[in-house]
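Below: the structure, in structure tokens.
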Amino acid sequence: MSTEVNNIRELAEREYKWGFITEVDEERVPRGLNEEIIRLISTMKREPDFMLQWRLKAYRHWASLEKAQAEPKWANVKYPPIDYQDIVYYSAPKKKPALGSLDEVDPEILRTYEKLGIPLAEQKKLAGVAVDAVFDSISVVTTFKTRLAEKGIIFCSFSDAVQKHPELVQKYLGSVVPYTDNFFAALNAAVFSDGSFVYVPKGVHCPMELSTYFRINAAETGQFERTLIIADDDSYVSYLEGCTAPIRDKNQLHAAVVELVALNNAEIKYSTVQNWYPGDKEGRGGIYNFVTKRGKCLGVNSKISWTQVETGSAITWKYPSCILMGDNSIGEFYSVALTNNYQQADTGTKMIHLGKNTRSTIVSKGISAGHGQNTYRGGVKIMKGAAGARNYTQCDSLLIGDKCGAHTFPYIEVRNASARMEHEASTSKIGDEQLFYLRQRGLKAEDAVSMIVNGFCKRVFRELPMEFAVEAQKLLSVSLEGSVG
Amino acid sequence: MSLLEIRNLHVKAAGHEILKGIDLKVDAGEVHAIMGPNGSGKSTLAQVLARREIYEVTEGQVLFEGKDLLAMKPEEAACEGLFMAFQYPLEIPGIGNAYFMRSALNAVRKYRGIPEMNALEFVPLFREKLKLLEMDEKLSNRSVNEGFSGGEKKRNEILQMAVLEPRLSILDETDSGLDIDALRIVAKGVNAMRSPERAMILVTHYQRLLNYVIPDFVHVLVDGRIVRSGGPALALELEETGYATDEPDAMPA
Ligand SMILES: Nc1ncnc2c1ncn2[C@@H]1O[C@H](COP(=O)(O)OP(=O)(O)OP(=O)(O)O)[C@@H](O)[C@H]1O
Ligand SMILES: [Mg+2]
């Protein structure tokens with residue numbers, strides 16, 4: 001109809017800015033999944049027996065679910081069936097460089113990060129940010145180890161943790177997300193290749209943001225990360241996770257698990273900027289992001305706060321949740337989820353109140369553009385013992401154009417009469433007149449759209465660490481290119 | 001060369017012809033008032049000049065500083081120095097007023113190849129304009145127009161004009177809904193903008209603004225056509241007689 005719309009459509013022609021493939025020699029297990037593959041992965045990683053046994057139990061559980069065709073189907077997303085035997089479950093860069101030394105890293109890998117705009121050489125200098133870079137399935141570089149070690153903080157790859165701190169791993173692995181939790185959690189437990197591990201000792205306030213950049217690289221390699229963060233009594237840690245991924249013709253499965261444990265008076269802040277390859281504008285390719293993230297507020301007065309900015313993936317299926325066990329514990333969820341073109345997102349959170357006077361806050365901002373489908377699915381459960389529990393939920397949707405959709409499914413279950421619940425929801429649309437107003441002041445159409453969207457997301461961006469907030473805003477603008485249609 | 005030259009402009013919206021042949025010349029230094037009954041096409045004219053794309057120009061030409069205005073996008077017209085104060089200003093939740101104005105100013109500066117202003121450089125300029133419009137500094141950090149009163153929104157439009165310093169300002173009923181003090185302040189803002197290089201088009205229903213901002217010309221727009229033009233006295237006359245007498249086949253008053 002109007003040229004306004006056409007101009008915006010033109011922007012859609014731009015391609016995914018971060019689509020490129022790095023050539024690195026890889027070591028990989030054969031395609032497919034069976035007990036032998038599980039044993040092979042465990043052997044290649046020189047794991048202690050308890051890990052192998054745990055993986056095998058998880059595999060057997062998953063195989064029974066697979067057989068029963070129990071892959072979850074309740075999410076508001078559509079995709080063709082996944083052939084789990086057609087996936088390579090483990091690959092690692094062959095030339096394994098010495099940890100902590102950038103000079104020994106495959107230059108090809110370093111160039112990849114440079115293209116992403118996160119040159120590690122500079123990151124290293126960037127005071128206050130420790131970077132544990134995950135390239136495909138294995139950690140290649142870990143920096144800032146010394147400063148953290150001085151405080152007794154353990155920040156390393158999951159593989160390292162299994163070797164050096166098996167007692168911590170054995171104690172907490174699967175304690176928040178057991179392998180029986182769901183289909184993808186079982187799959188992850190069986191085959192996960194690596195991830196990050198954090199332990200903050202009693203009374204320690206982690207002096208810097210811990211951060212990880214993820215990236216799927218090897219063609220047709222499923223990525224199964226596993227992250228475990230434990231904050232001991234009276235400690236604090238803020239963890240950042242961010243990623244971009246290269247173009248693929250074939251859909252790729254990403255099934256990560258994140259477990260957080262907060263003990264007495266401890267606080268964990270977990271922030272994510274997710275930008276996996278979303279597929280092309282026709283909806284071909286793109287990552288399937290089926291993630292299980294959960295935190296347990298085990299101790300009294302503990303706090304877990306999730307902040308996420310989800311702009312990527314063809315399909316996102318993700319509910320960072322909090323189990324509020326300790327009395328007076330606090331759970332928070334701040335989310336921005338954007339779907340453009342043919343992206344689908346079914347995301348939200350679960351807040352499970354068990355302890356007395358537990359409090360939770362949910363702020364969800366969903367943005368749909370193009371043919372994008374955006375679903376908020378949130379559950380708040382107040383159990384019998386949770387006297388004085390409180391929840392505040394705010395759930396807003398913004399539509400750009402008229403081919404996209406926004407859906408909201410709030411589930412509330414209250415078993416204690418003293419609970420207080422508040423729920424606010426809204427749906428709005430970027431109007432032609434609002435856009436005209438900003439353009440009349442001199443802003444280009446695309447800048448006008450991203451300004452309106454950034455304003456809409458402000459409440460969530462405020463929760464992100466400063467440097468991440470800036471990155472998130474840029475990412476949102478890039479992801480919005482070619483909205484309206 | 002005129003700053004703005006409109007020749008035989010015909011405009012349609014949703015299939016209906018709204019403007020039926022407008023001719024108007026505005027030279028630098030001039031202030032033109034456009035008056036006329038509800039629904040006569042005043043806002044449509046203003047928005048077509050500001051390049052709102054829902055309107056279809058079926059005939060005619062518009063030159064802005066000799067350039068083809070109708071070929072410009074809204075942001076290009078804005079960057080070329082055309083400003084429109086909205087009859088109904090819009091809200092931008094979550095975006096601070098000062099930040100918005102700096103972004104707009106920088107968009108214009110960038111277009112013109114002038115270095116952009118950082119927040120520190122912008123503050124003194126912004127303060128000065130706030131003072132001119134006697135506006136509370138608190139409004140500068142609030143979201144654009146969100147929760148502003150009707151009068152505050154109008155004043156905020158004039159604040160934006162003062163910051164952007166456009167060559168041509170089109171004010172669409174900025175005086176409507178203002179109390180007496182606000183009207184005086186807005187008029188002060190408008191007069192501060194008058195200069196030999198700049199021109200203004202004031203769309204209004206009332207003489208009261210024109211008491212403060214004396215126009216050089218007054219035009220009467222009825223049913224998509226300019227039916228009368230004259231000096232400042234014409235506005236006073238209209239106040240007395242209304243628009244109906246100007247329309248030959250109008251309903252008897
Ligand atoms: N987008 C549109 N679609 C359909 N009709 C429109 C559109 N815009 C304006 N019109 C019609 O064109 C006519 C002129 O409207 P316009 O807003 O320009 O009048 P106006 O002179 O500014 O009136 P007022 O004094 O009430 O502000 C009206 O009949 C209006 O309904
Ligand atoms: Mg009008």
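Order determines the names: the first chain of the structure tokens is A, the second B, and so forth; residues in each chain are numbered 1 upward, and ligands are numbered 1 upward as they are shown.
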
Close residues, B:Met35 itself excluded, 6 Å, only C-alpha atoms, min 5 positions apart in chain, as a PyMOL selection string | chain B and resi 204-205+220

File of the preceding selection, N, CA, C and O atoms, as a short mmCIF file (atom, residue, chain, number, x, y, z; two decimals), in the first residue's frame:
```
data_model
loop_
_atom_site.label_atom_id
_atom_site.label_comp_id
_atom_site.auth_asym_id
_atom_site.auth_seq_id
_atom_site.Cartn_x
_atom_site.Cartn_y
_atom_site.Cartn_z
N THR B 204 -4.95 27.48 12.29
CA THR B 204 -5.65 27.82 13.54
C THR B 204 -7.11 28.13 13.29
O THR B 204 -7.52 28.43 12.17
N HIS B 205 -7.89 28.00 14.34
CA HIS B 205 -9.30 28.38 14.26
C HIS B 205 -9.55 29.74 14.90
O HIS B 205 -10.63 30.29 14.79
N VAL B 220 -8.06 31.36 3.69
CA VAL B 220 -9.23 30.62 4.15
C VAL B 220 -9.39 29.38 3.27
O VAL B 220 -9.52 29.48 2.05
#
```

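Contacts from chain A to chain B at a cut-off of 7 Å (only C-alpha atoms) map to A:Ser2, A:Thr3, A:Glu4, A:Gln434, A:Phe436, A:Tyr437, A:Arg439, A:Gln440, A:Arg441, A:Gly442, A:Leu443, A:Lys444, A:Ile452, A:Gly455, A:Phe456, A:Lys458.
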
Kindly save the residues from that selection, with C-alpha atoms included, as a short mmCIF file (atom, residue, chain, number, x, y, z; two decimals), in the first residue's frame.
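Saved to again_35.cif:
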```cif
data_model
loop_
_atom_site.label_atom_id
_atom_site.label_comp_id
_atom_site.auth_asym_id
_atom_site.auth_seq_id
_atom_site.Cartn_x
_atom_site.Cartn_y
_atom_site.Cartn_z
CA SER A 2 2.29 2.82 1.09
CA THR A 3 5.92 3.37 0.21
CA GLU A 4 6.55 3.53 3.93
CA GLN A 434 3.49 6.93 15.45
CA PHE A 436 5.31 9.15 10.91
CA TYR A 437 5.78 11.25 14.03
CA ARG A 439 10.20 10.25 10.86
CA GLN A 440 8.85 13.81 10.73
CA ARG A 441 11.52 14.63 13.29
CA GLY A 442 14.22 13.31 10.96
CA LEU A 443 14.63 9.67 12.02
CA LYS A 444 14.86 7.02 9.31
CA ILE A 452 9.92 2.51 19.59
CA GLY A 455 11.42 2.12 24.50
CA PHE A 456 9.03 -0.80 24.82
CA LYS A 458 13.33 -0.42 28.56
#
```

Test item: residues no farther than 7 Å from ligand 2, counting only C-alpha atoms and all ligand atoms, as a list in words |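 If we count only C-alpha atoms and all ligand atoms, the neighbours of ligand 2 turn out to be Asn38, Gly39, Lys42, Ser43, Gln87, Asp172 and Glu173 of chain B.
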
List every residue of stretch 74-193 of chain B that DSSP, applied to the backbone of this structure, places in strand (DSSP E or B), and write the result as JSON, numbers by chain.
-> {"B": [82, 83, 84, 85, 92, 93, 94, 95, 96, 143, 144, 168, 169, 170, 171, 172]}

As a PyMOL selection string, which residues of stretch 25-219 of chain B does DSSP assign to helix (DSSP H, G or I)?
-> chain B and resi 42-49+69-71+74-79+97-111+119-132+138-141+150-164+180-193+207-212

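Our summary of the geometry notes that atom 13 (C, counted along the ligand's line) of ligand 1 is positioned 8.5 Å from atom CA of B:Leu19.
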
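Interatomic distance, atom CA of A:Asp327 to atom CA of A:Thr272: 27.0 Å.
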
Figure out the distance between atom CA of B:Gly147 and atom CA of A:Val453, please, to one decimal in Å.
->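 These two atoms are separated by 18.7 Å.
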
Stretch 191-197 of chain B environment, 9 Å, only C-alpha atoms, sequence neighbours closer than 6 positions dropped, as number ranges by chain | B: 27-31, 132, 161-162, 165-167, 212-213

Could you take the residues named above and write them with all heavy atoms, as an mmCIF file, in the first residue's frame?
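Written output follows (out-v1.cif):
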```cif
data_model
loop_
_atom_site.group_PDB
_atom_site.id
_atom_site.type_symbol
_atom_site.label_atom_id
_atom_site.label_comp_id
_atom_site.auth_asym_id
_atom_site.auth_seq_id
_atom_site.Cartn_x
_atom_site.Cartn_y
_atom_site.Cartn_z
ATOM 1 N N ASP B 27 7.287 32.798 1.243
ATOM 2 C CA ASP B 27 8.676 33.245 1.126
ATOM 3 C C ASP B 27 9.341 33.260 2.499
ATOM 4 O O ASP B 27 8.659 33.352 3.528
ATOM 5 C CB ASP B 27 8.737 34.649 0.512
ATOM 6 C CG ASP B 27 8.491 34.599 -0.986
ATOM 7 O OD1 ASP B 27 8.992 33.649 -1.632
ATOM 8 O OD2 ASP B 27 7.763 35.476 -1.501
ATOM 9 N N ALA B 28 10.656 33.192 2.482
ATOM 10 C CA ALA B 28 11.402 33.263 3.731
ATOM 11 C C ALA B 28 11.032 34.555 4.452
ATOM 12 O O ALA B 28 10.798 35.587 3.817
ATOM 13 C CB ALA B 28 12.901 33.221 3.446
ATOM 14 N N GLY B 29 10.930 34.486 5.773
ATOM 15 C CA GLY B 29 10.589 35.652 6.580
ATOM 16 C C GLY B 29 9.105 35.835 6.795
ATOM 17 O O GLY B 29 8.697 36.640 7.636
ATOM 18 N N GLU B 30 8.276 35.079 6.086
ATOM 19 C CA GLU B 30 6.830 35.286 6.173
ATOM 20 C C GLU B 30 6.153 34.341 7.168
ATOM 21 O O GLU B 30 6.608 33.230 7.402
ATOM 22 C CB GLU B 30 6.179 35.057 4.805
ATOM 23 C CG GLU B 30 6.570 36.101 3.779
ATOM 24 C CD GLU B 30 5.998 35.812 2.396
ATOM 25 O OE1 GLU B 30 5.418 34.716 2.173
ATOM 26 O OE2 GLU B 30 6.149 36.682 1.534
ATOM 27 N N VAL B 31 5.017 34.833 7.688
ATOM 28 C CA VAL B 31 4.146 33.982 8.494
ATOM 29 C C VAL B 31 2.772 33.953 7.833
ATOM 30 O O VAL B 31 2.180 35.002 7.582
ATOM 31 C CB VAL B 31 4.024 34.490 9.942
ATOM 32 C CG1 VAL B 31 2.964 33.688 10.705
ATOM 33 C CG2 VAL B 31 5.370 34.387 10.661
ATOM 34 N N LEU B 132 13.175 29.052 27.502
ATOM 35 C CA LEU B 132 12.380 29.864 26.591
ATOM 36 C C LEU B 132 10.905 29.487 26.674
ATOM 37 O O LEU B 132 10.028 30.339 26.649
ATOM 38 C CB LEU B 132 12.902 29.666 25.153
ATOM 39 C CG LEU B 132 12.067 30.261 24.019
ATOM 40 C CD1 LEU B 132 12.185 31.784 24.016
ATOM 41 C CD2 LEU B 132 12.508 29.699 22.668
ATOM 42 N N MET B 161 10.502 22.143 17.981
ATOM 43 C CA MET B 161 10.752 23.097 16.897
ATOM 44 C C MET B 161 11.943 23.983 17.270
ATOM 45 O O MET B 161 12.838 24.215 16.447
ATOM 46 C CB MET B 161 9.513 23.956 16.647
ATOM 47 C CG MET B 161 9.719 25.021 15.590
ATOM 48 S SD MET B 161 8.262 26.078 15.387
ATOM 49 C CE MET B 161 8.475 27.206 16.760
ATOM 50 N N ALA B 162 11.956 24.450 18.513
ATOM 51 C CA ALA B 162 13.021 25.349 18.948
ATOM 52 C C ALA B 162 14.382 24.653 18.892
ATOM 53 O O ALA B 162 15.394 25.262 18.546
ATOM 54 C CB ALA B 162 12.734 25.851 20.360
ATOM 55 N N GLU B 165 15.276 24.035 14.980
ATOM 56 C CA GLU B 165 15.427 25.267 14.199
ATOM 57 C C GLU B 165 15.187 25.070 12.703
ATOM 58 O O GLU B 165 16.070 25.292 11.875
ATOM 59 C CB GLU B 165 16.820 25.866 14.437
ATOM 60 C CG GLU B 165 17.056 26.157 15.908
ATOM 61 C CD GLU B 165 18.362 26.900 16.175
ATOM 62 O OE1 GLU B 165 19.347 26.650 15.445
ATOM 63 O OE2 GLU B 165 18.372 27.737 17.088
ATOM 64 N N PRO B 166 13.961 24.641 12.357
ATOM 65 C CA PRO B 166 13.662 24.362 10.946
ATOM 66 C C PRO B 166 13.511 25.638 10.122
ATOM 67 O O PRO B 166 13.271 26.710 10.668
ATOM 68 C CB PRO B 166 12.330 23.630 11.029
ATOM 69 C CG PRO B 166 11.683 24.160 12.258
ATOM 70 C CD PRO B 166 12.792 24.426 13.231
ATOM 71 N N ARG B 167 13.621 25.511 8.797
ATOM 72 C CA ARG B 167 13.419 26.665 7.915
ATOM 73 C C ARG B 167 11.940 26.935 7.709
ATOM 74 O O ARG B 167 11.531 28.074 7.572
ATOM 75 C CB ARG B 167 14.096 26.412 6.559
ATOM 76 C CG ARG B 167 15.588 26.303 6.715
ATOM 77 C CD ARG B 167 16.355 27.031 5.648
ATOM 78 N NE ARG B 167 15.934 28.394 5.392
ATOM 79 C CZ ARG B 167 16.132 28.992 4.234
ATOM 80 N NH1 ARG B 167 16.712 28.334 3.236
ATOM 81 N NH2 ARG B 167 15.755 30.240 4.051
ATOM 82 N N TYR B 212 -0.902 37.462 19.144
ATOM 83 C CA TYR B 212 0.501 37.429 19.600
ATOM 84 C C TYR B 212 1.468 37.268 18.432
ATOM 85 O O TYR B 212 2.545 37.834 18.415
ATOM 86 C CB TYR B 212 0.727 36.259 20.563
ATOM 87 C CG TYR B 212 0.024 36.381 21.885
ATOM 88 C CD1 TYR B 212 -1.127 35.653 22.154
ATOM 89 C CD2 TYR B 212 0.544 37.214 22.879
ATOM 90 C CE1 TYR B 212 -1.754 35.745 23.383
ATOM 91 C CE2 TYR B 212 -0.081 37.316 24.116
ATOM 92 C CZ TYR B 212 -1.222 36.576 24.364
ATOM 93 O OH TYR B 212 -1.837 36.667 25.583
ATOM 94 N N VAL B 213 1.092 36.412 17.496
ATOM 95 C CA VAL B 213 1.948 36.169 16.332
ATOM 96 C C VAL B 213 1.231 36.768 15.128
ATOM 97 O O VAL B 213 0.336 36.162 14.541
ATOM 98 C CB VAL B 213 2.164 34.656 16.106
ATOM 99 C CG1 VAL B 213 3.172 34.437 14.989
ATOM 100 C CG2 VAL B 213 2.627 33.973 17.382
#
```

If we count only C-alpha atoms and set the cut-off at 10 Å, which residues sit around A:Gln53, ignoring sequence neighbours fewer than 6 positions away in its own chain? Please answer as a PDB file with C-alpha atoms, in the first residue's frame.
```pdb
ATOM      1  CA  ILE A  38      27.852 -42.241  24.951  1.00  0.00           C
ATOM      2  CA  ARG A  39      30.808 -44.359  26.098  1.00  0.00           C
ATOM      3  CA  SER A  42      32.892 -40.091  27.984  1.00  0.00           C
ATOM      4  CA  TYR A  59      20.512 -42.020  27.692  1.00  0.00           C
ATOM      5  CA  ALA A 190      23.414 -38.125  27.881  1.00  0.00           C
TER       6      ALA A 190
END
```

Kindly indicate which residue among A:Lys356, A:Asp432, A:Lys202, A:Gly152 lies nearest to ligand 1, using only C-alpha atoms and all ligand atoms for the distances.
-> A:Asp432

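Near A:Lys365, within 7 Å and counting only C-alpha atoms, sit Ser335, Val336, Ala337, Val363, Ile367, Cys395, Asp396, Ser397 and Cys457 of chain A; same-chain residues fewer than 2 positions away were not included.
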
Option closest in space to A:Phe409, from A:Ala75, A:Met466, A:Val258, A:Leu210 [counting only C-alpha atoms] |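 Selected residue with least distance to A:Phe409: A:Ala75.
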
Nearest to ligand 1 by atom-to-atom distance, counting only C-alpha atoms and all ligand atoms, from B:Leu168, B:Ala119, B:Val203, B:Ala13 =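 Ranking B:Leu168, B:Ala119, B:Val203, B:Ala13 by distance to ligand 1, first place goes to B:Ala13.
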